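**Q** My structure file entry_23.cif, mmCIF, C-alpha atoms, is below:
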data_structure
loop_
_atom_site.group_PDB
_atom_site.id
_atom_site.type_symbol
_atom_site.label_atom_id
_atom_site.label_comp_id
_atom_site.auth_asym_id
_atom_site.auth_seq_id
_atom_site.Cartn_x
_atom_site.Cartn_y
_atom_site.Cartn_z
ATOM 1 C CA MET A 1 13.784 0.035 13.148
ATOM 2 C CA THR A 2 14.026 -3.666 13.879
ATOM 3 C CA GLY A 3 11.535 -6.500 14.118
ATOM 4 C CA SER A 4 8.039 -6.903 12.812
ATOM 5 C CA LEU A 5 5.797 -4.443 10.971
ATOM 6 C CA LEU A 6 2.158 -5.444 11.363
ATOM 7 C CA ARG A 7 0.421 -2.083 10.949
ATOM 8 C CA ASP A 8 1.482 1.480 10.324
ATOM 9 C CA LEU A 9 1.113 2.390 13.990
ATOM 10 C CA ASP A 10 4.061 0.101 14.779
ATOM 11 C CA LEU A 11 6.374 2.851 13.505
ATOM 12 C CA ASP A 12 7.022 6.351 14.787
ATOM 13 C CA LYS A 13 8.009 9.375 12.723
ATOM 14 C CA ARG A 14 11.735 8.883 13.214
ATOM 15 C CA GLN A 15 11.553 5.239 12.128
ATOM 16 C CA ILE A 16 9.488 6.049 9.042
ATOM 17 C CA LEU A 17 11.873 8.786 7.953
ATOM 18 C CA ASP A 18 14.821 6.461 8.567
ATOM 19 C CA LEU A 19 13.275 3.782 6.333
ATOM 20 C CA LEU A 20 12.504 6.344 3.623
ATOM 21 C CA ALA A 21 16.054 7.706 3.706
ATOM 22 C CA LEU A 22 17.504 4.203 3.529
ATOM 23 C CA ALA A 23 15.153 3.295 0.670
ATOM 24 C CA ALA A 24 16.243 6.384 -1.269
ATOM 25 C CA GLN A 25 19.896 5.493 -0.700
ATOM 26 C CA LEU A 26 19.374 1.868 -1.751
ATOM 27 C CA LYS A 27 17.562 3.089 -4.851
ATOM 28 C CA ARG A 28 20.513 5.301 -5.788
ATOM 29 C CA ASP A 29 22.969 2.489 -5.072
ATOM 30 C CA LYS A 30 21.080 0.090 -7.330
ATOM 31 C CA LEU A 31 20.911 2.681 -10.114
ATOM 32 C CA HIS A 32 24.662 3.295 -9.981
ATOM 33 C CA GLY A 33 25.691 -0.316 -9.421
ATOM 34 C CA ASP A 34 27.018 0.454 -5.928
ATOM 35 C CA GLU A 35 24.686 -1.723 -3.863
ATOM 36 C CA ILE A 36 26.314 -3.483 -0.900
ATOM 37 C CA PRO A 37 24.669 -6.842 -0.051
ATOM 38 C CA ARG A 38 23.678 -7.053 3.607
ATOM 39 C CA LEU A 39 21.329 -10.046 3.607
ATOM 40 C CA ARG A 40 23.781 -12.769 2.625
ATOM 41 C CA GLY A 41 22.808 -15.983 4.397
ATOM 42 C CA LYS A 42 19.318 -14.696 5.281
ATOM 43 C CA ASN A 43 16.267 -16.749 4.312
ATOM 44 C CA ILE A 44 12.859 -15.117 3.877
ATOM 45 C CA VAL A 45 9.550 -16.860 3.279
ATOM 46 C CA LEU A 46 6.550 -15.254 1.592
ATOM 47 C CA VAL A 47 3.270 -16.696 2.887
ATOM 48 C CA PHE A 48 0.571 -15.415 0.550
ATOM 49 C CA GLU A 49 -3.139 -16.224 0.844
ATOM 50 C CA LYS A 50 -3.821 -13.696 -1.935
ATOM 51 C CA ASN A 51 -2.229 -13.616 -5.374
ATOM 52 C CA SER A 52 0.179 -10.785 -6.071
ATOM 53 C CA THR A 53 2.250 -9.057 -8.734
ATOM 54 C CA ARG A 54 3.948 -6.020 -7.172
ATOM 55 C CA THR A 55 4.245 -7.283 -3.608
ATOM 56 C CA ARG A 56 5.696 -10.675 -4.470
ATOM 57 C CA CYS A 57 8.117 -9.276 -7.033
ATOM 58 C CA SER A 58 9.165 -6.468 -4.683
ATOM 59 C CA PHE A 59 10.066 -8.833 -1.863
ATOM 60 C CA GLU A 60 11.828 -11.275 -4.176
ATOM 61 C CA VAL A 61 13.898 -8.712 -6.089
ATOM 62 C CA ALA A 62 14.693 -6.777 -2.904
ATOM 63 C CA ALA A 63 15.993 -9.896 -1.179
ATOM 64 C CA HIS A 64 17.921 -11.151 -4.226
ATOM 65 C CA ASP A 65 19.563 -7.730 -4.709
ATOM 66 C CA GLN A 66 20.832 -8.035 -1.150
ATOM 67 C CA ASP A 67 21.983 -11.657 -1.606
ATOM 68 C CA GLY A 68 19.123 -13.026 0.477
ATOM 69 C CA ARG A 69 17.132 -16.140 -0.412
ATOM 70 C CA VAL A 70 13.352 -16.311 -0.809
ATOM 71 C CA SER A 71 10.838 -19.160 -0.628
ATOM 72 C CA TYR A 72 7.250 -18.627 -1.767
ATOM 73 C CA LEU A 73 4.173 -20.326 -0.331
ATOM 74 C CA GLY A 74 1.166 -19.302 -2.390
ATOM 75 C CA PRO A 75 -2.565 -19.784 -1.852
ATOM 76 C CA GLU A 76 -2.300 -23.522 -2.587
ATOM 77 C CA GLY A 77 1.276 -23.997 -1.410
ATOM 78 C CA SER A 78 0.919 -24.864 2.279
ATOM 79 C CA HIS A 79 -1.337 -26.420 4.919
ATOM 80 C CA LEU A 80 -2.033 -22.990 6.426
ATOM 81 C CA GLY A 81 -5.524 -22.689 7.858
ATOM 82 C CA ARG A 82 -6.702 -26.045 6.535
ATOM 83 C CA GLU A 83 -4.645 -28.875 7.988
ATOM 84 C CA GLU A 84 -2.453 -26.678 10.204
ATOM 85 C CA SER A 85 -3.165 -23.657 12.372
ATOM 86 C CA VAL A 86 -1.515 -20.286 11.869
ATOM 87 C CA ALA A 87 0.288 -20.649 15.197
ATOM 88 C CA ASP A 88 1.736 -24.048 14.289
ATOM 89 C CA THR A 89 2.755 -22.886 10.815
ATOM 90 C CA ALA A 90 4.457 -19.849 12.341
ATOM 91 C CA ARG A 91 6.442 -21.993 14.765
ATOM 92 C CA VAL A 92 7.586 -24.298 11.963
ATOM 93 C CA LEU A 93 8.655 -21.458 9.671
ATOM 94 C CA GLY A 94 10.316 -19.647 12.549
ATOM 95 C CA ARG A 95 12.734 -22.584 12.910
ATOM 96 C CA MET A 96 13.766 -22.401 9.236
ATOM 97 C CA PHE A 97 13.679 -18.755 8.175
ATOM 98 C CA ASP A 98 14.930 -15.360 9.305
ATOM 99 C CA GLY A 99 11.797 -13.417 8.346
ATOM 100 C CA ILE A 100 8.199 -13.927 7.190
ATOM 101 C CA ALA A 101 6.148 -11.732 4.863
ATOM 102 C CA PHE A 102 2.435 -12.480 5.159
ATOM 103 C CA ARG A 103 -0.179 -11.363 2.631
ATOM 104 C CA GLY A 104 -3.733 -12.379 3.356
ATOM 105 C CA TYR A 105 -7.133 -11.515 4.683
ATOM 106 C CA ALA A 106 -7.385 -11.344 8.474
ATOM 107 C CA GLN A 107 -5.220 -8.978 10.490
ATOM 108 C CA ASP A 108 -5.370 -11.536 13.274
ATOM 109 C CA ALA A 109 -3.430 -13.996 11.100
ATOM 110 C CA VAL A 110 -0.382 -11.758 10.673
ATOM 111 C CA GLU A 111 -0.494 -10.944 14.381
ATOM 112 C CA GLN A 112 -0.538 -14.670 15.205
ATOM 113 C CA PHE A 113 2.497 -15.159 12.965
ATOM 114 C CA ALA A 114 4.325 -12.441 14.869
ATOM 115 C CA ALA A 115 3.276 -13.870 18.232
ATOM 116 C CA HIS A 116 4.487 -17.410 17.500
ATOM 117 C CA ALA A 117 7.257 -17.307 14.874
ATOM 118 C CA GLY A 118 10.012 -15.792 17.004
ATOM 119 C CA ILE A 119 11.390 -13.921 13.966
ATOM 120 C CA PRO A 120 10.423 -10.650 12.221
ATOM 121 C CA VAL A 121 7.057 -10.716 10.458
ATOM 122 C CA TRP A 122 5.980 -8.130 7.886
ATOM 123 C CA ASN A 123 2.422 -7.359 6.859
ATOM 124 C CA ALA A 124 2.475 -7.467 3.066
ATOM 125 C CA LEU A 125 -1.279 -6.691 3.038
ATOM 126 C CA THR A 126 -4.292 -7.638 5.104
ATOM 127 C CA ASP A 127 -7.847 -6.428 4.866
ATOM 128 C CA ALA A 128 -7.088 -3.929 7.650
ATOM 129 C CA TRP A 129 -3.629 -2.484 6.833
ATOM 130 C CA HIS A 130 -1.114 -2.129 4.000
ATOM 131 C CA PRO A 131 2.027 -0.636 5.605
ATOM 132 C CA THR A 132 4.523 -1.610 2.899
ATOM 133 C CA GLN A 133 2.379 0.247 0.349
ATOM 134 C CA SER A 134 2.119 3.440 2.391
ATOM 135 C CA LEU A 135 5.903 3.542 2.791
ATOM 136 C CA ALA A 136 6.319 3.362 -0.985
ATOM 137 C CA ASP A 137 3.653 6.024 -1.435
ATOM 138 C CA ILE A 138 5.323 8.517 0.887
ATOM 139 C CA LEU A 139 8.701 7.915 -0.774
ATOM 140 C CA THR A 140 7.056 8.618 -4.129
ATOM 141 C CA MET A 141 5.468 11.802 -2.829
ATOM 142 C CA THR A 142 8.783 13.097 -1.507
ATOM 143 C CA GLU A 143 10.398 12.448 -4.895
ATOM 144 C CA HIS A 144 7.766 14.561 -6.670
ATOM 145 C CA HIS A 145 7.436 17.355 -4.107
ATOM 146 C CA GLY A 146 9.980 20.070 -3.514
ATOM 147 C CA GLY A 147 9.322 20.648 0.182
ATOM 148 C CA GLY A 148 9.564 18.694 3.395
ATOM 149 C CA VAL A 149 7.225 15.849 4.210
ATOM 150 C CA GLU A 150 5.204 18.107 6.522
ATOM 151 C CA ASP A 151 4.483 20.416 3.568
ATOM 152 C CA ILE A 152 2.811 17.694 1.490
ATOM 153 C CA ALA A 153 -0.977 17.636 1.129
ATOM 154 C CA PHE A 154 -2.709 14.585 -0.330
ATOM 155 C CA CYS A 155 -6.283 13.472 -0.833
ATOM 156 C CA PHE A 156 -7.475 9.871 -0.922
ATOM 157 C CA THR A 157 -10.834 9.533 -2.665
ATOM 158 C CA GLY A 158 -12.969 6.402 -2.757
ATOM 159 C CA ASP A 159 -13.531 3.618 -0.244
ATOM 160 C CA GLY A 160 -12.195 5.076 2.990
ATOM 161 C CA ARG A 161 -12.521 1.743 4.786
ATOM 162 C CA SER A 162 -9.870 0.132 2.566
ATOM 163 C CA ASN A 163 -6.534 -1.003 3.940
ATOM 164 C CA ILE A 164 -4.587 1.603 1.992
ATOM 165 C CA ALA A 165 -6.881 4.463 3.046
ATOM 166 C CA ARG A 166 -6.324 3.468 6.680
ATOM 167 C CA SER A 167 -2.569 3.150 6.224
ATOM 168 C CA LEU A 168 -2.259 6.482 4.442
ATOM 169 C CA LEU A 169 -4.361 8.254 7.072
ATOM 170 C CA VAL A 170 -2.264 6.936 9.956
ATOM 171 C CA THR A 171 1.139 7.263 8.254
ATOM 172 C CA GLY A 172 0.359 10.791 7.123
ATOM 173 C CA ALA A 173 -0.747 11.661 10.651
ATOM 174 C CA LEU A 174 2.452 10.256 12.148
ATOM 175 C CA LEU A 175 4.537 12.326 9.729
ATOM 176 C CA GLY A 176 2.709 15.616 10.246
ATOM 177 C CA MET A 177 1.252 15.759 6.731
ATOM 178 C CA ASP A 178 -1.956 17.335 5.393
ATOM 179 C CA VAL A 179 -4.209 14.304 4.890
ATOM 180 C CA ARG A 180 -7.701 14.338 3.413
ATOM 181 C CA ILE A 181 -9.987 11.320 3.007
ATOM 182 C CA ALA A 182 -13.005 11.866 0.740
ATOM 183 C CA ALA A 183 -15.544 9.056 1.007
ATOM 184 C CA PRO A 184 -19.306 8.618 1.312
ATOM 185 C CA ALA A 185 -20.643 8.400 4.850
ATOM 186 C CA GLY A 186 -20.973 4.614 4.811
ATOM 187 C CA LEU A 187 -17.445 4.052 3.491
ATOM 188 C CA ARG A 188 -15.319 6.165 5.823
ATOM 189 C CA PRO A 189 -12.368 4.812 7.819
ATOM 190 C CA PRO A 190 -13.382 2.978 11.015
ATOM 191 C CA PRO A 191 -13.723 5.182 14.113
ATOM 192 C CA ASP A 192 -10.796 3.514 15.899
ATOM 193 C CA VAL A 193 -8.496 4.253 12.958
ATOM 194 C CA VAL A 194 -9.650 7.884 12.814
ATOM 195 C CA ALA A 195 -9.098 8.168 16.567
ATOM 196 C CA ALA A 196 -5.580 6.702 16.331
ATOM 197 C CA ALA A 197 -4.765 9.082 13.488
ATOM 198 C CA GLY A 198 -6.107 11.969 15.551
ATOM 199 C CA ASP A 199 -3.852 11.054 18.461
ATOM 200 C CA ALA A 200 -0.847 10.908 16.129
ATOM 201 C CA ALA A 201 -1.804 14.228 14.531
ATOM 202 C CA ARG A 202 -1.922 16.002 17.876
ATOM 203 C CA ALA A 203 1.655 14.933 18.483
ATOM 204 C CA SER A 204 2.967 15.652 14.969
ATOM 205 C CA GLY A 205 0.957 18.709 13.946
ATOM 206 C CA ALA A 206 -0.693 16.878 11.037
ATOM 207 C CA ARG A 207 -3.844 18.310 9.495
ATOM 208 C CA LEU A 208 -6.580 15.697 9.001
ATOM 209 C CA LEU A 209 -9.898 15.874 7.175
ATOM 210 C CA VAL A 210 -12.372 13.036 6.707
ATOM 211 C CA THR A 211 -15.348 14.193 4.653
ATOM 212 C CA ASP A 212 -17.865 13.260 1.982
ATOM 213 C CA ASP A 213 -17.136 16.555 0.182
ATOM 214 C CA LEU A 214 -14.611 15.727 -2.564
ATOM 215 C CA PRO A 215 -14.238 19.284 -3.935
ATOM 216 C CA THR A 216 -13.267 20.525 -0.476
ATOM 217 C CA ALA A 217 -10.953 17.583 0.171
ATOM 218 C CA VAL A 218 -9.098 17.900 -3.122
ATOM 219 C CA ARG A 219 -8.596 21.664 -2.994
ATOM 220 C CA GLY A 220 -4.914 22.417 -2.554
ATOM 221 C CA ALA A 221 -3.855 18.766 -2.700
ATOM 222 C CA ASP A 222 -0.459 17.978 -4.192
ATOM 223 C CA PHE A 223 -1.463 14.349 -4.779
ATOM 224 C CA VAL A 224 -4.826 12.705 -5.470
ATOM 225 C CA TYR A 225 -4.946 8.999 -4.664
ATOM 226 C CA THR A 226 -7.517 6.287 -5.231
ATOM 227 C CA ASP A 227 -7.843 2.505 -5.173
ATOM 228 C CA VAL A 228 -10.152 -0.154 -6.586
ATOM 229 C CA TRP A 229 -13.736 0.035 -5.383
ATOM 230 C CA VAL A 230 -14.080 -3.710 -4.705
ATOM 231 C CA SER A 231 -11.102 -5.504 -3.191
ATOM 232 C CA MET A 232 -9.803 -8.997 -3.804
ATOM 233 C CA GLY A 233 -11.918 -11.516 -1.923
ATOM 234 C CA GLU A 234 -15.115 -9.456 -1.949
ATOM 235 C CA PRO A 235 -18.088 -10.919 -3.866
ATOM 236 C CA ASP A 236 -18.736 -9.732 -7.410
ATOM 237 C CA ASP A 237 -22.188 -8.497 -6.448
ATOM 238 C CA ALA A 238 -20.530 -5.857 -4.249
ATOM 239 C CA TRP A 239 -20.086 -3.781 -7.408
ATOM 240 C CA ALA A 240 -23.837 -3.174 -7.669
ATOM 241 C CA ALA A 241 -23.820 -1.247 -4.385
ATOM 242 C CA ARG A 242 -20.337 0.231 -4.669
ATOM 243 C CA VAL A 243 -20.605 1.815 -8.145
ATOM 244 C CA PRO A 244 -23.464 4.257 -7.435
ATOM 245 C CA SER A 245 -21.984 5.092 -4.048
ATOM 246 C CA LEU A 246 -18.440 5.771 -5.291
ATOM 247 C CA LEU A 247 -19.013 7.136 -8.797
ATOM 248 C CA PRO A 248 -18.998 10.739 -7.452
ATOM 249 C CA TYR A 249 -15.491 10.021 -6.070
ATOM 250 C CA ARG A 250 -14.025 8.824 -9.355
ATOM 251 C CA VAL A 251 -10.780 10.537 -10.360
ATOM 252 C CA THR A 252 -11.192 12.505 -13.581
ATOM 253 C CA ASP A 253 -9.288 15.388 -15.127
ATOM 254 C CA ASP A 254 -11.848 17.721 -13.545
ATOM 255 C CA VAL A 255 -11.083 16.328 -10.085
ATOM 256 C CA LEU A 256 -7.350 16.878 -10.571
ATOM 257 C CA ASP A 257 -7.976 20.385 -11.911
ATOM 258 C CA ALA A 258 -10.087 21.143 -8.826
ATOM 259 C CA SER A 259 -6.934 20.871 -6.706
ATOM 260 C CA ASN A 260 -5.825 24.211 -8.192
ATOM 261 C CA ARG A 261 -2.279 22.815 -8.179
ATOM 262 C CA SER A 262 -0.444 22.999 -11.496
ATOM 263 C CA GLY A 263 1.818 20.164 -10.398
ATOM 264 C CA VAL A 264 -0.859 17.881 -8.973
ATOM 265 C CA ARG A 265 -0.085 14.173 -9.405
ATOM 266 C CA PHE A 266 -2.320 11.109 -9.545
ATOM 267 C CA MET A 267 -1.532 8.022 -7.450
ATOM 268 C CA HIS A 268 -2.898 4.465 -7.298
ATOM 269 C CA CYS A 269 -1.512 1.351 -5.597
ATOM 270 C CA LEU A 270 -2.571 -0.884 -8.528
ATOM 271 C CA PRO A 271 -4.045 -2.897 -10.080
ATOM 272 C CA ALA A 272 -6.392 -0.238 -11.477
ATOM 273 C CA ILE A 273 -9.555 -0.495 -13.523
ATOM 274 C CA HIS A 274 -9.047 2.393 -15.930
ATOM 275 C CA ASN A 275 -10.459 0.946 -19.183
ATOM 276 C CA ARG A 276 -12.142 -2.148 -20.637
ATOM 277 C CA GLY A 277 -8.867 -4.016 -21.078
ATOM 278 C CA THR A 278 -9.401 -6.476 -18.205
ATOM 279 C CA THR A 279 -12.090 -9.043 -17.490
ATOM 280 C CA ILE A 280 -13.492 -6.889 -14.688
ATOM 281 C CA GLY A 281 -13.276 -3.709 -16.754
ATOM 282 C CA ALA A 282 -15.169 -5.301 -19.637
ATOM 283 C CA ARG A 283 -17.853 -6.601 -17.288
ATOM 284 C CA LEU A 284 -18.298 -3.188 -15.631
ATOM 285 C CA TYR A 285 -18.757 -1.622 -19.056
ATOM 286 C CA ARG A 286 -21.454 -4.144 -19.958
ATOM 287 C CA GLN A 287 -23.201 -3.855 -16.603
ATOM 288 C CA PHE A 288 -22.880 -0.149 -15.807
ATOM 289 C CA GLY A 289 -21.702 1.508 -19.020
ATOM 290 C CA LEU A 290 -18.468 2.556 -17.278
ATOM 291 C CA ASP A 291 -15.252 2.764 -19.263
ATOM 292 C CA GLY A 292 -12.907 2.361 -16.327
ATOM 293 C CA ALA A 293 -14.040 2.582 -12.713
ATOM 294 C CA GLU A 294 -12.171 4.479 -9.983
ATOM 295 C CA VAL A 295 -10.081 6.458 -12.494
ATOM 296 C CA THR A 296 -10.473 7.399 -16.138
ATOM 297 C CA GLU A 297 -8.096 6.258 -18.833
ATOM 298 C CA GLU A 298 -7.216 9.885 -19.549
ATOM 299 C CA VAL A 299 -5.950 10.454 -16.009
ATOM 300 C CA PHE A 300 -4.245 7.086 -15.645
ATOM 301 C CA GLU A 301 -2.231 7.480 -18.858
ATOM 302 C CA SER A 302 -1.521 11.189 -18.419
ATOM 303 C CA LYS A 303 1.743 12.854 -17.478
ATOM 304 C CA ARG A 304 0.158 13.650 -14.135
ATOM 305 C CA SER A 305 0.060 9.941 -13.263
ATOM 306 C CA ILE A 306 2.954 8.578 -11.177
ATOM 307 C CA VAL A 307 1.509 5.128 -10.513
ATOM 308 C CA PHE A 308 4.490 3.259 -11.951
ATOM 309 C CA ASP A 309 6.908 5.265 -9.815
ATOM 310 C CA GLN A 310 4.887 4.000 -6.862
ATOM 311 C CA ALA A 311 5.098 0.431 -8.134
ATOM 312 C CA GLU A 312 8.876 0.596 -8.444
ATOM 313 C CA ASN A 313 9.219 2.168 -5.026
ATOM 314 C CA ARG A 314 7.505 -0.828 -3.442
ATOM 315 C CA MET A 315 10.733 -2.715 -4.072
ATOM 316 C CA HIS A 316 13.027 -0.022 -2.685
ATOM 317 C CA THR A 317 11.038 0.519 0.512
ATOM 318 C CA ILE A 318 10.598 -3.206 1.103
ATOM 319 C CA LYS A 319 14.345 -3.608 0.652
ATOM 320 C CA ALA A 320 14.908 -0.944 3.307
ATOM 321 C CA LEU A 321 12.507 -2.755 5.627
ATOM 322 C CA LEU A 322 14.339 -6.065 5.168
ATOM 323 C CA VAL A 323 17.771 -4.503 5.667
ATOM 324 C CA ARG A 324 16.751 -2.665 8.836
ATOM 325 C CA ALA A 325 15.041 -5.724 10.313
ATOM 326 C CA LEU A 326 17.653 -8.326 9.422
ATOM 327 C CA ALA A 327 20.937 -6.434 9.105
ATOM 328 C CA GLY A 328 20.496 -3.472 11.443
#
Using structure tokens, write down the structure from this file.
**A**
Amino acid sequence: MTGSLLRDLDLDKRQILDLLALAAQLKRDKLHGDEIPRLRGKNIVLVFEKNSTRTRCSFEVAAHDQDGRVSYLGPEGSHLGREESVADTARVLGRMFDGIAFRGYAQDAVEQFAAHAGIPVWNALTDAWHPTQSLADILTMTEHHGGGVEDIAFCFTGDGRSNIARSLLVTGALLGMDVRIAAPAGLRPPPDVVAAAGDAARASGARLLVTDDLPTAVRGADFVYTDVWVSMGEPDDAWAARVPSLLPYRVTDDVLDASNRSGVRFMHCLPAIHNRGTTIGARLYRQFGLDGAEVTEEVFESKRSIVFDQAENRMHTIKALLVRALAG
């Protein structure tokens, strides 16, 4: 795989598996102190409209491990979108850097970067897609599952319109996995995403289910995945509509038990609202009486939770992406 990654559909099955294999090898090399730097002399810029913990740290550590250099332009760190257009910013950065990671709102913005920069551009999250997260998620699943990728069944429960639900649906379809999305009727993945996943599934043999029936969707799942109910950038009053709609899709011990899998694992791309320990968590408790939102504290802190394995694997898969794009 070389070049840009703007959405999960930019990759085929062979390219995904290649990135996952390289990520696993780079992870082993780092653990044993055998890593070979392949990005020496490469300069990468992170253009972030949204704040970040895992994504920013993953790109920075991945590049530094490989002897690359990173510059960071945060929400207040550039003229992007205010005094200077995306196209002009892309052309400027393309003269100075070897690759651009963009994290922001509109999918059109990352596509404009790719159209005008003349260098590889990676989608580090937009409102539509989150391809670097889905790569980390599949790597994590393969580490916790004894069979091949085609044997893995996972269920995403919650807001099916979210970027990660879309990315997981499409990536799972490309890989021939058993993918279930459980979401209320008004919060299902967009029809064009479902159609694209269906096309990929017909080629790969993937099994896809998009339903509002969580018990059916979770039955037989090896992994149960959820995400926050209100994403960064959405208004606070969105919670009033989202909580009653998504409360039946909250991940509890009973939901995991309903998989009928003794080795079922819980996944979340983080940050998660699993108690009252954050500003948002405390406010949801006062407003709705909820201790945690999309997942309970008991599940999040249990041995069935592998959320921090996912977080670490962001760095390894992003490193593989950088190496393939910039070093071949």
**Q** Got a sec: who's within 12 Å of Gly74 in chain A, counting only C-alpha atoms, leaving out chain neighbours fewer than 6 positions off, as an mmCIF file with C-alpha atoms, in the coordinates of the input?
**A**
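Final output, selection.cif:
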data_model
loop_
_atom_site.group_PDB
_atom_site.id
_atom_site.type_symbol
_atom_site.label_atom_id
_atom_site.label_comp_id
_atom_site.auth_asym_id
_atom_site.auth_seq_id
_atom_site.Cartn_x
_atom_site.Cartn_y
_atom_site.Cartn_z
ATOM 1 C CA VAL A 45 9.550 -16.860 3.279
ATOM 2 C CA LEU A 46 6.550 -15.254 1.592
ATOM 3 C CA VAL A 47 3.270 -16.696 2.887
ATOM 4 C CA PHE A 48 0.571 -15.415 0.550
ATOM 5 C CA GLU A 49 -3.139 -16.224 0.844
ATOM 6 C CA LYS A 50 -3.821 -13.696 -1.935
ATOM 7 C CA ASN A 51 -2.229 -13.616 -5.374
ATOM 8 C CA SER A 52 0.179 -10.785 -6.071
ATOM 9 C CA ARG A 56 5.696 -10.675 -4.470
ATOM 10 C CA LEU A 80 -2.033 -22.990 6.426
ATOM 11 C CA ALA A 101 6.148 -11.732 4.863
ATOM 12 C CA PHE A 102 2.435 -12.480 5.159
ATOM 13 C CA ARG A 103 -0.179 -11.363 2.631
ATOM 14 C CA GLY A 104 -3.733 -12.379 3.356
#
**Q** Could you write out as a VMD selection string the residues that the PyMOL selection byres ((chain A and resi 298-315) around 8) matches in the shown file?
**A** chain A and resid 54 to 55 57 to 59 61 to 62 132 to 133 135 to 137 139 to 140 251 to 253 263 to 270 274 295 to 297 316 to 319
**Q** List the residues selected by the PyMOL selection byres ((chain A and resi 110) around 9) in the file shown, writing them as a short mmCIF file (atom, residue, chain, number, x, y, z; two decimals) with C-alpha atoms, in the frame of the given file.
**A**
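This went into selection12.cif:
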data_model
loop_
_atom_site.label_atom_id
_atom_site.label_comp_id
_atom_site.auth_asym_id
_atom_site.auth_seq_id
_atom_site.Cartn_x
_atom_site.Cartn_y
_atom_site.Cartn_z
CA LEU A 6 2.16 -5.44 11.36
CA VAL A 86 -1.52 -20.29 11.87
CA ALA A 101 6.15 -11.73 4.86
CA PHE A 102 2.44 -12.48 5.16
CA ARG A 103 -0.18 -11.36 2.63
CA GLY A 104 -3.73 -12.38 3.36
CA ALA A 106 -7.38 -11.34 8.47
CA GLN A 107 -5.22 -8.98 10.49
CA ASP A 108 -5.37 -11.54 13.27
CA ALA A 109 -3.43 -14.00 11.10
CA GLU A 111 -0.49 -10.94 14.38
CA GLN A 112 -0.54 -14.67 15.20
CA PHE A 113 2.50 -15.16 12.96
CA ALA A 114 4.32 -12.44 14.87
CA ALA A 115 3.28 -13.87 18.23
CA VAL A 121 7.06 -10.72 10.46
CA TRP A 122 5.98 -8.13 7.89
CA ASN A 123 2.42 -7.36 6.86
CA THR A 126 -4.29 -7.64 5.10
#
**Q** Could you tell me which residues the PyMOL selection byres ((chain A and resi 12) around 12) returns for this structure, as a ChimeraX atom specification?
**A** /A:1,5,7-11,13-19,170-176,200-201,203-204
**Q** Determine the nearest neighbour of Pro248 in chain A from the options A:Gly220, A:Gly205, A:Pro215, A:Gly277, counting all atoms listed in the file.
**A**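 Of the candidates, the smallest distance to Pro248 in chain A is held by A:Pro215.
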**Q** Between A:Ser4, A:Gln66, A:Thr53, A:Thr157, single out the one closest to Ala327 in chain A, counting all atoms listed in the file.
**A**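 Among the listed residues, the smallest separation from Ala327 in chain A belongs to A:Gln66.
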**Q** As an exercise, work out the distance from CA of Tyr285 in chain A to CA of Gly233 in chain A in Å and give it to one decimal place.
**A** 20.9 Å
